[in-house]
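Colleague: A single structure is presented below for examination.
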Amino acid sequence: MPIMSNQTIPLDIVYRILSQLSVKALLRFKSVSKEWCSLINYPYFIKLHLRQSMETNRNNLNIVFKERASGKLLSVGFDYVNLDNPRELNHPLKRQPGEGLDNEYDYTQVVGSCNGLLCLIKEDQIYRTIMLWNISTGDYKVLPDQPVELPRAWSTVQQLTFYGFGYDLINDDYKLVRIVQEIDSSRIPPLISEVKVYSLKTNTWRRPSEEIPNYYFHNNCWRTAGTFFYGTLHWLGIKERIWECPSSIIAFDVGTEKYHQIELLDNMQRGTYNMNLGALQGCFCMIATCWDYKVKVWMMKDYGVKESWTMLYSLQGDIFSAAYLYPLAYSKNYEKILLSLLWYDIKGEEFKDVNLSQLENIRPSPSEICMESLVKLDD
């Protein structure tokens, strides 16, 4: 535990006071003295500050998304989503001018956000790099490369990769899950899956002991990352034919590394062409976009209980042709709901401050909410 010289205030009081401050202020205070730097870097304080931020909703949330034309990662504040003046993120995988063989497009994708950490993946014609990055402190860690080890295919196959990033509360660890699925219609069975889990604590990849359920993971092309909720990663699953609507949710507990399934109601898929998962007000959610431009927001009020699915909203309008929507969060006063990068006024039943040309430039990029935190990535 860090010791402050000439201490006149009890250390627990100092912790409580400092835990109320923003990450930006605390990073400045680290330069005051070695004692202050040691205190702010202390693991107990980092967890205390994170818990305080989450409990009081004082965590300076940012929405991170990708610009369609350039591939740049951009950020806007949560309270007022202003697409007129987004901030470009200077992330470690950002392509520098003159780098690359063909153009300056930034291929970096965000495949998860948890406790202030973003999981970034960059795949181009030659390399694949996976990195964890603290958006507030600038700390980052490049993950060791891990090859795919599926059996050799003797015919043309379709290979799809899905990721999920979350926090393992049981072991105090951050984990990245990679699921690779190969589909070969000439093979029986046609589907083969490989699952590997990366642990930040051990800096290693390994296979979980339990076999993954034999479901096709829903590939909607622009959002293949799992939704982290209740200590568990979730993906939409399809039982029989890959082109069908999802019939179930495949859930992977990052602590126990066990699978379970969450069933959908029979009418949830009716007339839909796109489905996405999310979380709202501490409840698991799903949003279904229909062919007639209706968007239905479903909430599971009792996690894991099929009968607790309840339709919260059914929205209608041409706006849905401009962007795929999925639930991100409620506003702090719970008067609005954030669907992708659009605020929906619940009482007024309308979208606020919509600019179709701006939305077109970011469609169909998924967005992630990222909080500020002091979470460290070194040993």
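Chain identifiers are assigned as A, B, and so on, following the order in which chains appear in the structure tokens; residues are numbered from 1 within each chain, and ligands are numbered from 1 in order of appearance.
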Need to verify the contact set: Val64 of chain A, 12 Å, only C-alpha atoms, exclusion of same-chain residues closer than 5 positions in sequence. Can you return it as a PyMOL selection string?
Modeller: chain A and resi 72-78+81+83+86-89+91+109-113+116-120+135+328+340-341+362+365-371
Colleague: From a backbone DSSP assignment, name each residue in segment 13-185 of chain A labelled helix (DSSP H, G or I), as an NGL selection string.
Modeller: :A and (13-18 or 23-29 or 34-41 or 43-56)
Colleague: For segment 253-269 of chain A, list every protein, DNA or RNA residue within 10 Å, evaluated using only C-alpha atoms, and leave out those in the same chain fewer than 5 positions away; present the list as a VMD selection string.
Modeller: chain A and resid 164 to 177 197 207 to 213 228 to 237 244 to 248 274 to 275 286 to 290 296 to 298 300 303 to 311
Colleague: List every residue of segment 70-224 of chain A that DSSP, applied to the backbone of this structure, assigns to strand (DSSP E or B), and report them as a tab-separated table (two decimals) with C-alpha atoms, in the first residue's frame.
Modeller:
```tsv
chain	number	residue	atom	x	y	z
A	73	LEU	CA	-12.09	5.81	-35.43
A	74	LEU	CA	-14.05	8.77	-34.12
A	75	SER	CA	-15.54	9.67	-30.75
A	76	VAL	CA	-18.36	11.89	-29.49
A	77	GLY	CA	-19.61	12.62	-25.99
A	87	ARG	CA	-12.95	13.75	-32.24
A	88	GLU	CA	-10.55	11.50	-34.15
A	108	THR	CA	-8.88	-1.03	-37.53
A	109	GLN	CA	-12.11	-2.38	-36.01
A	110	VAL	CA	-13.45	-2.15	-32.46
A	111	VAL	CA	-14.72	-5.55	-31.30
A	112	GLY	CA	-15.50	-4.76	-27.68
A	113	SER	CA	-15.43	-2.28	-24.83
A	114	CYS	CA	-15.21	-3.04	-21.12
A	117	LEU	CA	-10.63	-0.72	-22.39
A	118	LEU	CA	-11.23	-1.03	-26.12
A	119	CYS	CA	-10.34	-4.21	-27.99
A	120	LEU	CA	-8.97	-3.25	-31.42
A	121	ILE	CA	-8.30	-5.54	-34.36
A	122	LYS	CA	-6.52	-4.55	-37.54
A	123	GLU	CA	-6.53	-6.90	-40.51
A	128	ARG	CA	-3.52	-9.19	-38.24
A	129	THR	CA	-2.92	-7.32	-34.99
A	130	ILE	CA	-5.08	-7.52	-31.87
A	131	MET	CA	-4.65	-4.92	-29.16
A	132	LEU	CA	-6.20	-3.76	-25.89
A	133	TRP	CA	-6.15	0.02	-25.44
A	134	ASN	CA	-7.16	2.27	-22.55
A	140	TYR	CA	-2.02	-0.46	-24.70
A	141	LYS	CA	-1.00	-4.08	-25.06
A	142	VAL	CA	-0.50	-6.07	-28.25
A	158	GLN	CA	-16.71	-20.12	-45.92
A	159	GLN	CA	-14.77	-19.02	-42.85
A	160	LEU	CA	-16.23	-16.51	-40.40
A	161	THR	CA	-14.63	-15.04	-37.27
A	162	PHE	CA	-16.46	-13.68	-34.23
A	163	TYR	CA	-15.00	-11.98	-31.16
A	164	GLY	CA	-16.14	-11.08	-27.67
A	165	PHE	CA	-14.41	-9.05	-24.94
A	166	GLY	CA	-15.34	-8.89	-21.26
A	167	TYR	CA	-14.29	-8.93	-17.61
A	168	ASP	CA	-13.99	-12.12	-15.55
A	173	ASP	CA	-9.14	-10.94	-15.46
A	174	TYR	CA	-9.99	-9.48	-18.86
A	175	LYS	CA	-10.67	-12.04	-21.58
A	176	LEU	CA	-11.04	-12.01	-25.34
A	177	VAL	CA	-12.95	-14.86	-26.98
A	178	ARG	CA	-12.33	-15.74	-30.64
A	179	ILE	CA	-14.71	-18.07	-32.46
A	180	VAL	CA	-13.82	-19.24	-35.98
A	181	GLN	CA	-16.48	-21.13	-37.93
A	182	GLU	CA	-15.89	-23.02	-41.18
A	183	ILE	CA	-18.89	-23.93	-43.32
A	191	LEU	CA	-20.11	-26.71	-39.60
A	192	ILE	CA	-16.83	-26.85	-37.65
A	193	SER	CA	-16.05	-24.31	-34.92
A	194	GLU	CA	-12.88	-23.41	-33.03
A	195	VAL	CA	-12.98	-21.38	-29.82
A	196	LYS	CA	-9.95	-19.86	-28.14
A	197	VAL	CA	-9.82	-17.58	-25.11
A	198	TYR	CA	-7.13	-15.01	-24.37
A	199	SER	CA	-6.40	-14.14	-20.74
A	204	THR	CA	-1.88	-16.63	-23.24
A	205	TRP	CA	-4.48	-18.20	-25.53
A	206	ARG	CA	-6.07	-21.56	-24.81
A	216	TYR	CA	-24.21	-21.06	-36.83
A	217	PHE	CA	-23.36	-17.66	-35.39
```
Colleague: Which residues come within 12 Å of segment 30-33 of chain A, counting only C-alpha atoms, excluding same-chain residues fewer than 3 positions away, as a list of chain:residue names?
Modeller: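 Here the answer would be A:Ile3, A:Met4, A:Ser5, A:Leu18, A:Val23, A:Lys24, A:Ala25, A:Leu26, A:Leu27, A:Trp36, A:Cys37, A:Ser38, A:Leu39, A:Ile40, A:Asn41, A:Tyr42, A:Thr137, A:Leu374.
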